[in-house]
Amino acid sequence: MEKVKVGIIGCGNMGSEHAKKLIAGTVPDMELVAVCDIEQERRDAMHELYPTLKVFDKAEDLMDSGLCDAVIIAVPHYSHPPMVIYALEHGLNVMSEKPAGVYTKQVKEMNEAAKKSDKIFAIMFNQRTNPVYVKLREMIQRGDLGHIKRITWIITNWYRSQAYHDSSSWRSTWKGEGGGTLINQNPHQLDLWQWMFGMPDRIYAKASFGKYYNIEVEDDVMAYFEYDNGTTGEYITSTGEAPGTNRLEIACDMGKVVIENNKMTFYRNIISEREFNKTNTSPFGMPECWECNVPADFSGGEQHVGVLKHFADAILNGGELTAKGEEGLNSLTISNAIHLSAWTGETVDVKNFPDDKYYELLQEKIKNSKVVKNVRHVTVDISNTH
């Protein structure tokens with residue numbers, strides 16, 4: 001195989017962007033050969049833009065065509081797992097857009113299918129290519145920060161107006177999207193959190209549903225994370241703040257790291273605070289601290305293109321993926337745990353997450369959800385997907 005022949009399922013915002021990049025040759029080892037969408041208007045647009053592509057109206061037909069070595073799945077969230085499973089069972093390598101799915105029970109079934117397959121399964125966590133977070137992760141793994149005491153991430157700078165929520169009938173509903181800001185905007189940050197800091201052990205959260213908009217899902221969230229090693233975390237997110245904030249702060253034995261406004265600063269203690277505390281005799285003593293501007297590339301990195309390059313390399317040469325598809329379960333578990341805590345008022349055990357309980361409560365939300373008149377791209381009956 002000289003190049004990976006790929007098909008894109010779903011030609012909405014993300015699918016059309018992937019098509020544009022592949023046609024432009026930004027991923028040299030990939031060749032786009034087919035696309036699929038259930039909407040005639042989008043199929044016509046793709047045919048007009050890229051007349052050499054084979055255009056399908058059913059995902060299964062594209063996957064059964066024999067034209068592709070791999071597919072990129074860019075459809076509404078509920079359909080990610082069933083389409084991934086179908087593709088893997090039919091001998092295709094798969095790149096799924098985030099999130100992995102809507103509920104953990106469904107995603108665990110997808111991961112089981114991936115275990116049985118010898119094909120490559122990846123997920124589009126493109127923020128893992130961001131050099132700033134790569135550097136922070138390296139610093140943590142190297143032990144530069146010492147023990148992490150507290151993590152606070154305020155990520156409210158993705159304002160979405162009512163017009164956005166009204167732009168598609170499936171959007172911002174339990175039945176169509178399966179959640180709000182946690183399932184739509186936040187999967188990348190929740191993935192980065194667990195990728196850099198590990199999975200929390202317990203989560204307690206408060207969330208507002210339709211606080212700022214005429215929607216039924218969450219648009220404002222405050223969550224408290226606990227780790228067995230004593231680390232705590234605060235995760236604050238909203239789509240109702242303008243201009244909003246993106247500030248990540250890590251308090252640690254060796255000082256404090258702050259990432260904000262395209263700047264990464266390490267307020268570095270010359271010795272660990274814990275070591276200082278053992279010998280200090282002054283009531284108001286503090287360890288000497290240096291303000292260090294950490295050289296970091298804030299260009300964002302290769303993002304989606306970088307993830308697709310790694311995907312192609314994994315298929316052709318056995319290279320390493322940016323993110324294995326199975327890892328999508330981690331951020332979704334955090335998201336589901338925040339929802340579950342907000343719904344019940346209870347602290348949720350993340351390690352022993354109650355998949356069935358979450359699924360049952362979600363079904364109640366779906367039952368009372370707005371009618372979704374036109375769920376774009378879905379070709380699998382989600383009512384039969386567990």
# chains A, B, ... in the order shown; residues from 1 in each chain; ligands from 1
$ residues_around --residues "stretch 252-264 of chain A" --least-positions-apart "5" --cutoff "9 Å" --atoms "only C-alpha atoms" --output "VMD selection string"
chain A and resid 132 136 144 to 151 245 to 247 269 to 275 289 292 to 298
$ write_last_selection --atoms "N, CA and C atoms" --output "short mmCIF file (atom, residue, chain, number, x, y, z; two decimals), in the first residue's frame"
data_model
loop_
_atom_site.label_atom_id
_atom_site.label_comp_id
_atom_site.auth_asym_id
_atom_site.auth_seq_id
_atom_site.Cartn_x
_atom_site.Cartn_y
_atom_site.Cartn_z
N VAL A 132 2.25 23.31 23.58
CA VAL A 132 2.19 23.80 24.96
C VAL A 132 1.81 22.66 25.91
N LEU A 136 3.98 20.72 28.82
CA LEU A 136 3.54 20.60 30.20
C LEU A 136 3.51 19.14 30.63
N ASP A 144 9.35 17.68 37.17
CA ASP A 144 9.74 19.08 37.39
C ASP A 144 8.83 19.78 38.39
N LEU A 145 7.57 19.36 38.47
CA LEU A 145 6.61 20.03 39.33
C LEU A 145 6.52 19.41 40.72
N GLY A 146 7.10 18.23 40.87
CA GLY A 146 6.91 17.52 42.12
C GLY A 146 5.46 17.07 42.25
N HIS A 147 5.01 16.88 43.48
CA HIS A 147 3.62 16.48 43.69
C HIS A 147 2.69 17.62 43.31
N ILE A 148 1.65 17.30 42.55
CA ILE A 148 0.65 18.30 42.17
C ILE A 148 -0.40 18.38 43.26
N LYS A 149 -0.58 19.58 43.78
CA LYS A 149 -1.55 19.79 44.87
C LYS A 149 -2.94 20.10 44.34
N ARG A 150 -3.02 21.03 43.39
CA ARG A 150 -4.32 21.49 42.89
C ARG A 150 -4.20 21.85 41.43
N ILE A 151 -5.25 21.51 40.69
CA ILE A 151 -5.35 21.89 39.27
C ILE A 151 -6.64 22.69 39.11
N THR A 245 -12.63 33.01 29.42
CA THR A 245 -11.27 32.81 29.92
C THR A 245 -10.78 31.42 29.56
N ASN A 246 -9.49 31.31 29.29
CA ASN A 246 -8.84 30.00 29.21
C ASN A 246 -7.58 30.09 30.06
N ARG A 247 -7.68 29.62 31.30
CA ARG A 247 -6.57 29.68 32.24
C ARG A 247 -6.41 28.33 32.93
N ASN A 269 9.77 27.39 42.87
CA ASN A 269 10.47 27.43 44.15
C ASN A 269 11.87 26.85 43.99
N ILE A 270 12.85 27.45 44.68
CA ILE A 270 14.21 26.92 44.53
C ILE A 270 14.35 25.58 45.24
N ILE A 271 13.48 25.33 46.25
CA ILE A 271 13.37 24.00 46.82
C ILE A 271 11.89 23.67 46.99
N SER A 272 11.58 22.41 47.08
CA SER A 272 10.21 21.98 47.26
C SER A 272 9.59 22.63 48.50
N GLU A 273 8.34 23.05 48.38
CA GLU A 273 7.65 23.63 49.54
C GLU A 273 7.61 22.65 50.70
N ARG A 274 7.46 21.38 50.43
CA ARG A 274 7.41 20.37 51.49
C ARG A 274 8.76 20.25 52.21
N GLU A 275 9.84 20.33 51.42
CA GLU A 275 11.18 20.28 52.03
C GLU A 275 11.45 21.55 52.83
N CYS A 289 11.23 32.06 45.35
CA CYS A 289 10.53 31.67 44.12
C CYS A 289 11.01 32.51 42.95
N CYS A 292 9.71 32.14 36.03
CA CYS A 292 10.37 31.63 34.82
C CYS A 292 9.38 31.59 33.67
N ASN A 293 9.68 32.30 32.61
CA ASN A 293 8.87 32.22 31.40
C ASN A 293 9.31 31.01 30.60
N VAL A 294 8.46 30.01 30.52
CA VAL A 294 8.81 28.77 29.85
C VAL A 294 8.68 28.95 28.34
N PRO A 295 9.74 28.72 27.59
CA PRO A 295 9.62 28.83 26.13
C PRO A 295 8.65 27.79 25.60
N ALA A 296 7.59 28.24 24.98
CA ALA A 296 6.57 27.33 24.49
C ALA A 296 6.03 27.84 23.16
N ASP A 297 5.75 26.90 22.28
CA ASP A 297 5.24 27.21 20.96
C ASP A 297 3.71 27.28 21.02
N PHE A 298 3.17 28.47 20.87
CA PHE A 298 1.73 28.65 20.96
C PHE A 298 1.06 28.66 19.58
#
$ select_by_dssp --residues "stretch 218-289 of chain A" --states "alpha helix (DSSP H)" --output "PyMOL selection string"
chain A and resi 273-279
$ write_last_selection --atoms "all heavy atoms" --output "PDB file, in the first residue's frame"
ATOM      1  N   GLU A 273       8.344  23.047  48.382  1.00  0.00           N
ATOM      2  CA  GLU A 273       7.647  23.630  49.536  1.00  0.00           C
ATOM      3  C   GLU A 273       7.614  22.646  50.701  1.00  0.00           C
ATOM      4  O   GLU A 273       7.731  23.044  51.864  1.00  0.00           O
ATOM      5  CB  GLU A 273       6.221  24.023  49.130  1.00  0.00           C
ATOM      6  CG  GLU A 273       5.375  24.625  50.245  1.00  0.00           C
ATOM      7  CD  GLU A 273       4.716  23.565  51.125  1.00  0.00           C
ATOM      8  OE1 GLU A 273       4.361  22.487  50.592  1.00  0.00           O
ATOM      9  OE2 GLU A 273       4.564  23.825  52.347  1.00  0.00           O
ATOM     10  N   ARG A 274       7.462  21.379  50.428  1.00  0.00           N
ATOM     11  CA  ARG A 274       7.413  20.369  51.490  1.00  0.00           C
ATOM     12  C   ARG A 274       8.762  20.252  52.211  1.00  0.00           C
ATOM     13  O   ARG A 274       8.829  20.107  53.431  1.00  0.00           O
ATOM     14  CB  ARG A 274       7.003  19.010  50.919  1.00  0.00           C
ATOM     15  CG  ARG A 274       5.568  18.921  50.419  1.00  0.00           C
ATOM     16  CD  ARG A 274       4.539  18.899  51.555  1.00  0.00           C
ATOM     17  NE  ARG A 274       4.238  20.230  52.096  1.00  0.00           N
ATOM     18  CZ  ARG A 274       3.550  20.444  53.205  1.00  0.00           C
ATOM     19  NH1 ARG A 274       3.097  19.413  53.912  1.00  0.00           N
ATOM     20  NH2 ARG A 274       3.322  21.664  53.623  1.00  0.00           N
ATOM     21  N   GLU A 275       9.844  20.328  51.424  1.00  0.00           N
ATOM     22  CA  GLU A 275      11.177  20.282  52.031  1.00  0.00           C
ATOM     23  C   GLU A 275      11.446  21.551  52.832  1.00  0.00           C
ATOM     24  O   GLU A 275      12.001  21.517  53.930  1.00  0.00           O
ATOM     25  CB  GLU A 275      12.248  20.108  50.939  1.00  0.00           C
ATOM     26  CG  GLU A 275      12.242  18.745  50.285  1.00  0.00           C
ATOM     27  CD  GLU A 275      12.451  17.630  51.300  1.00  0.00           C
ATOM     28  OE1 GLU A 275      13.377  17.748  52.140  1.00  0.00           O
ATOM     29  OE2 GLU A 275      11.671  16.650  51.272  1.00  0.00           O
ATOM     30  N   PHE A 276      11.039  22.705  52.282  1.00  0.00           N
ATOM     31  CA  PHE A 276      11.191  23.981  52.993  1.00  0.00           C
ATOM     32  C   PHE A 276      10.465  23.937  54.338  1.00  0.00           C
ATOM     33  O   PHE A 276      10.977  24.386  55.371  1.00  0.00           O
ATOM     34  CB  PHE A 276      10.646  25.107  52.117  1.00  0.00           C
ATOM     35  CG  PHE A 276      10.569  26.438  52.819  1.00  0.00           C
ATOM     36  CD1 PHE A 276      11.674  27.277  52.883  1.00  0.00           C
ATOM     37  CD2 PHE A 276       9.385  26.864  53.418  1.00  0.00           C
ATOM     38  CE1 PHE A 276      11.603  28.508  53.539  1.00  0.00           C
ATOM     39  CE2 PHE A 276       9.302  28.083  54.069  1.00  0.00           C
ATOM     40  CZ  PHE A 276      10.418  28.906  54.128  1.00  0.00           C
ATOM     41  N   ASN A 277       9.258  23.396  54.325  1.00  0.00           N
ATOM     42  CA  ASN A 277       8.430  23.362  55.525  1.00  0.00           C
ATOM     43  C   ASN A 277       9.053  22.542  56.657  1.00  0.00           C
ATOM     44  O   ASN A 277       8.820  22.819  57.830  1.00  0.00           O
ATOM     45  CB  ASN A 277       7.048  22.802  55.171  1.00  0.00           C
ATOM     46  CG  ASN A 277       6.075  22.902  56.316  1.00  0.00           C
ATOM     47  OD1 ASN A 277       5.739  24.000  56.748  1.00  0.00           O
ATOM     48  ND2 ASN A 277       5.638  21.760  56.841  1.00  0.00           N
ATOM     49  N   LYS A 278       9.872  21.564  56.298  1.00  0.00           N
ATOM     50  CA  LYS A 278      10.490  20.698  57.313  1.00  0.00           C
ATOM     51  C   LYS A 278      11.523  21.446  58.159  1.00  0.00           C
ATOM     52  O   LYS A 278      11.732  21.127  59.326  1.00  0.00           O
ATOM     53  CB  LYS A 278      11.153  19.497  56.644  1.00  0.00           C
ATOM     54  CG  LYS A 278      10.184  18.481  56.067  1.00  0.00           C
ATOM     55  CD  LYS A 278      10.943  17.373  55.348  1.00  0.00           C
ATOM     56  CE  LYS A 278       9.984  16.387  54.692  1.00  0.00           C
ATOM     57  NZ  LYS A 278      10.713  15.336  53.933  1.00  0.00           N
ATOM     58  N   THR A 279      12.176  22.453  57.571  1.00  0.00           N
ATOM     59  CA  THR A 279      13.287  23.118  58.265  1.00  0.00           C
ATOM     60  C   THR A 279      13.011  24.578  58.600  1.00  0.00           C
ATOM     61  O   THR A 279      13.718  25.181  59.408  1.00  0.00           O
ATOM     62  CB  THR A 279      14.560  23.049  57.408  1.00  0.00           C
ATOM     63  OG1 THR A 279      14.308  23.648  56.135  1.00  0.00           O
ATOM     64  CG2 THR A 279      14.981  21.590  57.192  1.00  0.00           C
TER      65      THR A 279
END
$ residues_around --residues "A:Glu97" --least-positions-apart "6" --cutoff "9 Å" --atoms "only C-alpha atoms" --output "ChimeraX atom specification"
/A:14,72-75,77,80,122-125
$ residues_around --residues "A:His339" --least-positions-apart "2" --cutoff "12 Å" --atoms "only C-alpha atoms" --output "VMD selection string"
chain A and resid 102 to 103 174 178 to 183 203 to 209 217 to 223 332 to 337 341 to 348 357 to 359 361 to 362 365
$ residues_around --residues "A:Asp61" --least-positions-apart "5" --cutoff "12 Å" --atoms "only C-alpha atoms" --output "PyMOL selection string"
chain A and resi 7+9+34-38+54-56+66-68+83+86-87+90+379
$ atom_distance --atom1 "atom CA of A:Lys119" --atom2 "atom CA of A:Gly301"
27.0 Å
$ atom_distance --atom1 "atom CA of A:Pro81" --atom2 "atom CA of A:Met110"
5.4 Å
$ select_by_dssp --residues "stretch 106-339 of chain A" --states "strand (DSSP E)" --output "VMD selection string"
chain A and resid 121 to 123 148 to 155 202 to 209 218 to 226 232 to 238 246 to 252 255 to 260 263 to 269 289 to 293
$ residues_around --residues "A:Ile23" --least-positions-apart "6" --cutoff "10 Å" --atoms "only C-alpha atoms" --output "list in words"
Glu17, Met30, Glu31, Leu32, Val33 and Tyr50 of chain A
$ atom_distance --atom1 "atom CA of A:Tyr235" --atom2 "atom CA of A:Phe353"
18.9 Å
$ residues_around --residues "A:Tyr133" --least-positions-apart "3" --cutoff "10 Å" --atoms "only C-alpha atoms" --output "JSON, numbers by chain"
{"A": [127, 128, 129, 130, 136, 137, 138, 139, 192, 193, 195, 196, 259, 296, 297, 298, 300]}
$ write_last_selection --atoms "N, CA and C atoms" --output "short mmCIF file (atom, residue, chain, number, x, y, z; two decimals), in the first residue's frame"
data_model
loop_
_atom_site.label_atom_id
_atom_site.label_comp_id
_atom_site.auth_asym_id
_atom_site.auth_seq_id
_atom_site.Cartn_x
_atom_site.Cartn_y
_atom_site.Cartn_z
N GLN A 127 -5.87 18.22 20.07
CA GLN A 127 -5.18 19.10 21.01
C GLN A 127 -3.94 18.43 21.61
N ARG A 128 -3.82 17.14 21.47
CA ARG A 128 -2.61 16.46 21.93
C ARG A 128 -1.39 16.83 21.08
N THR A 129 -1.62 17.46 19.94
CA THR A 129 -0.50 17.92 19.12
C THR A 129 -0.06 19.33 19.49
N ASN A 130 -0.80 19.99 20.38
CA ASN A 130 -0.48 21.36 20.79
C ASN A 130 0.83 21.34 21.59
N LEU A 136 3.98 20.72 28.82
CA LEU A 136 3.54 20.60 30.20
C LEU A 136 3.51 19.14 30.63
N ARG A 137 3.04 18.27 29.76
CA ARG A 137 3.01 16.84 30.08
C ARG A 137 4.41 16.30 30.32
N GLU A 138 5.35 16.73 29.48
CA GLU A 138 6.75 16.29 29.66
C GLU A 138 7.29 16.77 31.00
N MET A 139 6.97 18.01 31.37
CA MET A 139 7.42 18.55 32.65
C MET A 139 6.87 17.74 33.82
N LEU A 192 -7.26 16.18 27.52
CA LEU A 192 -5.96 16.72 27.93
C LEU A 192 -5.77 16.59 29.44
N TRP A 193 -6.83 16.82 30.19
CA TRP A 193 -6.75 16.71 31.65
C TRP A 193 -6.26 15.32 32.05
N TRP A 195 -4.91 13.04 30.18
CA TRP A 195 -3.64 12.73 29.49
C TRP A 195 -2.46 13.31 30.26
N MET A 196 -2.64 14.50 30.85
CA MET A 196 -1.57 15.15 31.58
C MET A 196 -1.54 14.77 33.05
N ILE A 259 -0.83 28.76 32.58
CA ILE A 259 -0.90 28.90 31.12
C ILE A 259 -2.10 29.77 30.79
N ALA A 296 7.59 28.24 24.98
CA ALA A 296 6.57 27.33 24.49
C ALA A 296 6.03 27.84 23.16
N ASP A 297 5.75 26.90 22.28
CA ASP A 297 5.24 27.21 20.96
C ASP A 297 3.71 27.28 21.02
N PHE A 298 3.17 28.47 20.87
CA PHE A 298 1.73 28.65 20.96
C PHE A 298 1.06 28.66 19.58
N GLY A 300 -0.11 26.16 18.14
CA GLY A 300 -1.17 25.15 18.13
C GLY A 300 -0.73 23.83 17.56
#
$ closest_residue --among "A:Gln303, A:Ala113, A:Pro99, A:Glu364" --to "A:Ile85" --atoms "only C-alpha atoms"
A:Ala113
$ closest_residue --among "A:Leu190, A:Lys21, A:Leu308, A:Glu216" --to "A:Glu320" --atoms "only C-alpha atoms"
A:Leu308
$ closest_residue --among "A:Glu89, A:Asn111, A:Leu62, A:Ala24" --to "A:Val6" --atoms "only C-alpha atoms"
A:Leu62
